Amino acid sequence: MTDRTLCVIKPNAVADNKIGEIVKCFEDEGLRVAAFRMTCPGRAAVESFYAEHEGKDFFGRLVDFMTSGPVCALVLEGADAVDRARTIMGATDPEKATAGTIRALYGKNMTQNAVHGSDSPESASREIGFYFAGFDIF
Ligand code: IDP
Ligand code: MG
């Protein structure tokens with residue numbers, strides 16, 4: 001099976017009307033959208049999704065932000081999808097992200113940095129299950 005990764009378009013980018021532009025960034029680089037779902041995750045779900053960051057100083061801010069409005073979850077497919085998607089997204093801090101990357105273009109700060117991307121094939125598998133259990137992936 002071709003590699004898959006999970007991307008989440010975060011609330012700031014949804015509110016800023018950038019869903020289409022962000023999806024286009026991935027499609028233009030050859031990643032295929034295999035599933036797409038808009039949802040408003042609850043607090044417990046976001047805390048569990050980001051469990052690896054529990055206890056860090058930014059955790060509360062991150063959970064507040066990720067529950068502040070709807071997000072779009074996407075499964076992206078293609079060779080080396082995890083690393084390619086993260087390259088297209090750019091560095092976590094939009095101010096340090098390479099020009100032209102999604103976070104450089106649409107991120108506001110470390111919290112409101114426009115997108116999430118899985119960081120390994122193992123994370124991708126867990127995170128895809130998180131948003132797409134019981135939903136079709138094409
Ligand atoms: P990643 O999203 O690039 O994989 P992670 O280190 O996994 O980065 O952190 C998850 C999310 O938590 C980031 O996308 C960012 O929104 C937020 N975050 C990470 N580090 C900080 C920080 O130092 N201050 C504020 N928010 C942070
Ligand atoms: Mg991460």
# chains A, B, ... in the order shown; residues from 1 in each chain; ligands from 1
$ residues_around --residues "Ala133 of chain A" --least-positions-apart "6" --cutoff "12 Å" --atoms "only C-alpha atoms" --output "PyMOL selection string"
chain A and resi 35+37+75+125-127
$ residues_near_ligand --ligand "ligand 2" --cutoff "8 Å" --atoms "only C-alpha atoms and all ligand atoms" --output "VMD selection string"
chain A and resid 116 to 119
$ closest_atom_pairs --of "chain A" --to "ligand 1" --cutoff "10 Å" --atoms "only C-alpha atoms and all ligand atoms" --output "JSON lines"
{"residue": "A:Cys7", "atom": "CA", "partner": "ligand 1", "partner_atom_place_in_ligand_line": "2 (O)", "distance": 10.0}
{"residue": "A:Val8", "atom": "CA", "partner": "ligand 1", "partner_atom_place_in_ligand_line": "2 (O)", "distance": 9.8}
{"residue": "A:Lys10", "atom": "CA", "partner": "ligand 1", "partner_atom_place_in_ligand_line": "16 (O)", "distance": 9.0}
{"residue": "A:Tyr50", "atom": "CA", "partner": "ligand 1", "partner_atom_place_in_ligand_line": "10 (C)", "distance": 7.2}
{"residue": "A:Glu52", "atom": "CA", "partner": "ligand 1", "partner_atom_place_in_ligand_line": "7 (O)", "distance": 8.1}
{"residue": "A:His53", "atom": "CA", "partner": "ligand 1", "partner_atom_place_in_ligand_line": "9 (O)", "distance": 7.1}
{"residue": "A:Lys56", "atom": "CA", "partner": "ligand 1", "partner_atom_place_in_ligand_line": "23 (O)", "distance": 8.5}
{"residue": "A:Asp57", "atom": "CA", "partner": "ligand 1", "partner_atom_place_in_ligand_line": "24 (N)", "distance": 7.5}
{"residue": "A:Phe58", "atom": "CA", "partner": "ligand 1", "partner_atom_place_in_ligand_line": "25 (C)", "distance": 4.8}
{"residue": "A:Phe59", "atom": "CA", "partner": "ligand 1", "partner_atom_place_in_ligand_line": "12 (O)", "distance": 7.1}
{"residue": "A:Gly60", "atom": "CA", "partner": "ligand 1", "partner_atom_place_in_ligand_line": "26 (N)", "distance": 9.5}
{"residue": "A:Arg61", "atom": "CA", "partner": "ligand 1", "partner_atom_place_in_ligand_line": "26 (N)", "distance": 7.4}
{"residue": "A:Leu62", "atom": "CA", "partner": "ligand 1", "partner_atom_place_in_ligand_line": "17 (C)", "distance": 6.0}
{"residue": "A:Val63", "atom": "CA", "partner": "ligand 1", "partner_atom_place_in_ligand_line": "12 (O)", "distance": 9.0}
{"residue": "A:Phe65", "atom": "CA", "partner": "ligand 1", "partner_atom_place_in_ligand_line": "16 (O)", "distance": 8.9}
{"residue": "A:Met66", "atom": "CA", "partner": "ligand 1", "partner_atom_place_in_ligand_line": "16 (O)", "distance": 8.9}
{"residue": "A:Arg86", "atom": "CA", "partner": "ligand 1", "partner_atom_place_in_ligand_line": "3 (O)", "distance": 7.8}
{"residue": "A:Met89", "atom": "CA", "partner": "ligand 1", "partner_atom_place_in_ligand_line": "3 (O)", "distance": 8.5}
{"residue": "A:Gly90", "atom": "CA", "partner": "ligand 1", "partner_atom_place_in_ligand_line": "3 (O)", "distance": 8.0}
{"residue": "A:Ala91", "atom": "CA", "partner": "ligand 1", "partner_atom_place_in_ligand_line": "3 (O)", "distance": 6.1}
{"residue": "A:Thr92", "atom": "CA", "partner": "ligand 1", "partner_atom_place_in_ligand_line": "3 (O)", "distance": 4.0}
{"residue": "A:Asp93", "atom": "CA", "partner": "ligand 1", "partner_atom_place_in_ligand_line": "15 (C)", "distance": 7.4}
{"residue": "A:Pro94", "atom": "CA", "partner": "ligand 1", "partner_atom_place_in_ligand_line": "16 (O)", "distance": 9.7}
{"residue": "A:Arg103", "atom": "CA", "partner": "ligand 1", "partner_atom_place_in_ligand_line": "14 (O)", "distance": 9.6}
{"residue": "A:Gly107", "atom": "CA", "partner": "ligand 1", "partner_atom_place_in_ligand_line": "16 (O)", "distance": 9.5}
{"residue": "A:Asn109", "atom": "CA", "partner": "ligand 1", "partner_atom_place_in_ligand_line": "25 (C)", "distance": 7.9}
{"residue": "A:Met110", "atom": "CA", "partner": "ligand 1", "partner_atom_place_in_ligand_line": "26 (N)", "distance": 4.6}
{"residue": "A:Thr111", "atom": "CA", "partner": "ligand 1", "partner_atom_place_in_ligand_line": "16 (O)", "distance": 3.8}
{"residue": "A:Gln112", "atom": "CA", "partner": "ligand 1", "partner_atom_place_in_ligand_line": "16 (O)", "distance": 6.0}
{"residue": "A:Asn113", "atom": "CA", "partner": "ligand 1", "partner_atom_place_in_ligand_line": "16 (O)", "distance": 5.6}
{"residue": "A:Ala114", "atom": "CA", "partner": "ligand 1", "partner_atom_place_in_ligand_line": "16 (O)", "distance": 8.2}
{"residue": "A:Val115", "atom": "CA", "partner": "ligand 1", "partner_atom_place_in_ligand_line": "14 (O)", "distance": 7.1}
{"residue": "A:His116", "atom": "CA", "partner": "ligand 1", "partner_atom_place_in_ligand_line": "2 (O)", "distance": 5.0}
{"residue": "A:Gly117", "atom": "CA", "partner": "ligand 1", "partner_atom_place_in_ligand_line": "4 (O)", "distance": 6.2}
{"residue": "A:Ser118", "atom": "CA", "partner": "ligand 1", "partner_atom_place_in_ligand_line": "4 (O)", "distance": 6.7}
{"residue": "A:Asp119", "atom": "CA", "partner": "ligand 1", "partner_atom_place_in_ligand_line": "4 (O)", "distance": 6.0}
{"residue": "A:Ser120", "atom": "CA", "partner": "ligand 1", "partner_atom_place_in_ligand_line": "4 (O)", "distance": 9.8}
$ atom_distance --atom1 "atom CA of Val23 of chain A" --atom2 "atom CA of Glu47 of chain A"
25.4 Å
$ closest_residue --among "A:Arg84, A:Pro11, A:Gly30, A:Ala51" --to "Thr67 of chain A" --atoms "only C-alpha atoms"
A:Pro11
$ atom_distance --atom1 "atom CA of Asp83 of chain A" --atom2 "atom CA of Ala124 of chain A"
10.9 Å
$ closest_residue --among "A:Ala97, A:Ile128, A:Leu31, A:Ala45" --to "Asp80 of chain A" --atoms "only C-alpha atoms"
A:Leu31
$ atom_distance --atom1 "atom CA of Gly69 of chain A" --atom2 "atom CA of Lys18 of chain A"
14.1 Å
$ select_by_dssp --residues "segment 26-73 of chain A" --states "strand (DSSP E or B)" --output "number ranges by chain"
A: 32-39, 71-73
$ write_last_selection --atoms "N, CA, C and O atoms" --output "PDB file, in the first residue's frame"
ATOM      1  N   ARG A  32      -2.132  12.805  -3.006  1.00  0.00           N
ATOM      2  CA  ARG A  32      -3.541  12.618  -3.385  1.00  0.00           C
ATOM      3  C   ARG A  32      -4.419  12.628  -2.135  1.00  0.00           C
ATOM      4  O   ARG A  32      -4.056  12.036  -1.111  1.00  0.00           O
ATOM      5  N   VAL A  33      -5.574  13.304  -2.204  1.00  0.00           N
ATOM      6  CA  VAL A  33      -6.513  13.298  -1.087  1.00  0.00           C
ATOM      7  C   VAL A  33      -7.297  11.993  -1.125  1.00  0.00           C
ATOM      8  O   VAL A  33      -8.029  11.721  -2.081  1.00  0.00           O
ATOM      9  N   ALA A  34      -7.124  11.169  -0.084  1.00  0.00           N
ATOM     10  CA  ALA A  34      -7.787   9.867  -0.022  1.00  0.00           C
ATOM     11  C   ALA A  34      -9.016   9.898   0.890  1.00  0.00           C
ATOM     12  O   ALA A  34      -9.863   9.006   0.843  1.00  0.00           O
ATOM     13  N   ALA A  35      -9.103  10.941   1.727  1.00  0.00           N
ATOM     14  CA  ALA A  35     -10.270  11.133   2.606  1.00  0.00           C
ATOM     15  C   ALA A  35     -10.248  12.570   3.094  1.00  0.00           C
ATOM     16  O   ALA A  35      -9.172  13.176   3.220  1.00  0.00           O
ATOM     17  N   PHE A  36     -11.439  13.109   3.364  1.00  0.00           N
ATOM     18  CA  PHE A  36     -11.554  14.516   3.779  1.00  0.00           C
ATOM     19  C   PHE A  36     -12.782  14.647   4.673  1.00  0.00           C
ATOM     20  O   PHE A  36     -13.859  14.174   4.316  1.00  0.00           O
ATOM     21  N   ARG A  37     -12.633  15.278   5.805  1.00  0.00           N
ATOM     22  CA  ARG A  37     -13.749  15.385   6.752  1.00  0.00           C
ATOM     23  C   ARG A  37     -13.626  16.667   7.565  1.00  0.00           C
ATOM     24  O   ARG A  37     -12.563  16.949   8.101  1.00  0.00           O
ATOM     25  N   MET A  38     -14.715  17.431   7.636  1.00  0.00           N
ATOM     26  CA  MET A  38     -14.733  18.644   8.453  1.00  0.00           C
ATOM     27  C   MET A  38     -15.449  18.314   9.756  1.00  0.00           C
ATOM     28  O   MET A  38     -16.510  17.696   9.755  1.00  0.00           O
ATOM     29  N   THR A  39     -14.849  18.731  10.870  1.00  0.00           N
ATOM     30  CA  THR A  39     -15.391  18.349  12.171  1.00  0.00           C
ATOM     31  C   THR A  39     -14.962  19.352  13.235  1.00  0.00           C
ATOM     32  O   THR A  39     -14.030  20.126  13.023  1.00  0.00           O
ATOM     33  N   VAL A  71     -12.268  22.103  12.104  1.00  0.00           N
ATOM     34  CA  VAL A  71     -11.016  21.744  11.432  1.00  0.00           C
ATOM     35  C   VAL A  71     -11.360  20.828  10.252  1.00  0.00           C
ATOM     36  O   VAL A  71     -12.466  20.295  10.187  1.00  0.00           O
ATOM     37  N   CYS A  72     -10.420  20.684   9.331  1.00  0.00           N
ATOM     38  CA  CYS A  72     -10.567  19.704   8.257  1.00  0.00           C
ATOM     39  C   CYS A  72      -9.482  18.667   8.418  1.00  0.00           C
ATOM     40  O   CYS A  72      -8.293  19.011   8.488  1.00  0.00           O
ATOM     41  N   ALA A  73      -9.878  17.413   8.480  1.00  0.00           N
ATOM     42  CA  ALA A  73      -8.911  16.319   8.531  1.00  0.00           C
ATOM     43  C   ALA A  73      -8.829  15.696   7.146  1.00  0.00           C
ATOM     44  O   ALA A  73      -9.854  15.498   6.482  1.00  0.00           O
TER      45      ALA A  73
END
$ closest_residue --among "A:Glu77, A:Glu122, A:Glu95, A:Phe138" --to "Lys108 of chain A" --atoms "only C-alpha atoms"
A:Glu95
$ closest_residue --among "A:Ile22, A:Phe132, A:Val46, A:Ala15" --to "Thr101 of chain A" --atoms "only C-alpha atoms"
A:Ile22
$ closest_residue --among "A:Gly134, A:Gly42, A:Cys25, A:Leu74" --to "Gly100 of chain A" --atoms "only C-alpha atoms"
A:Cys25
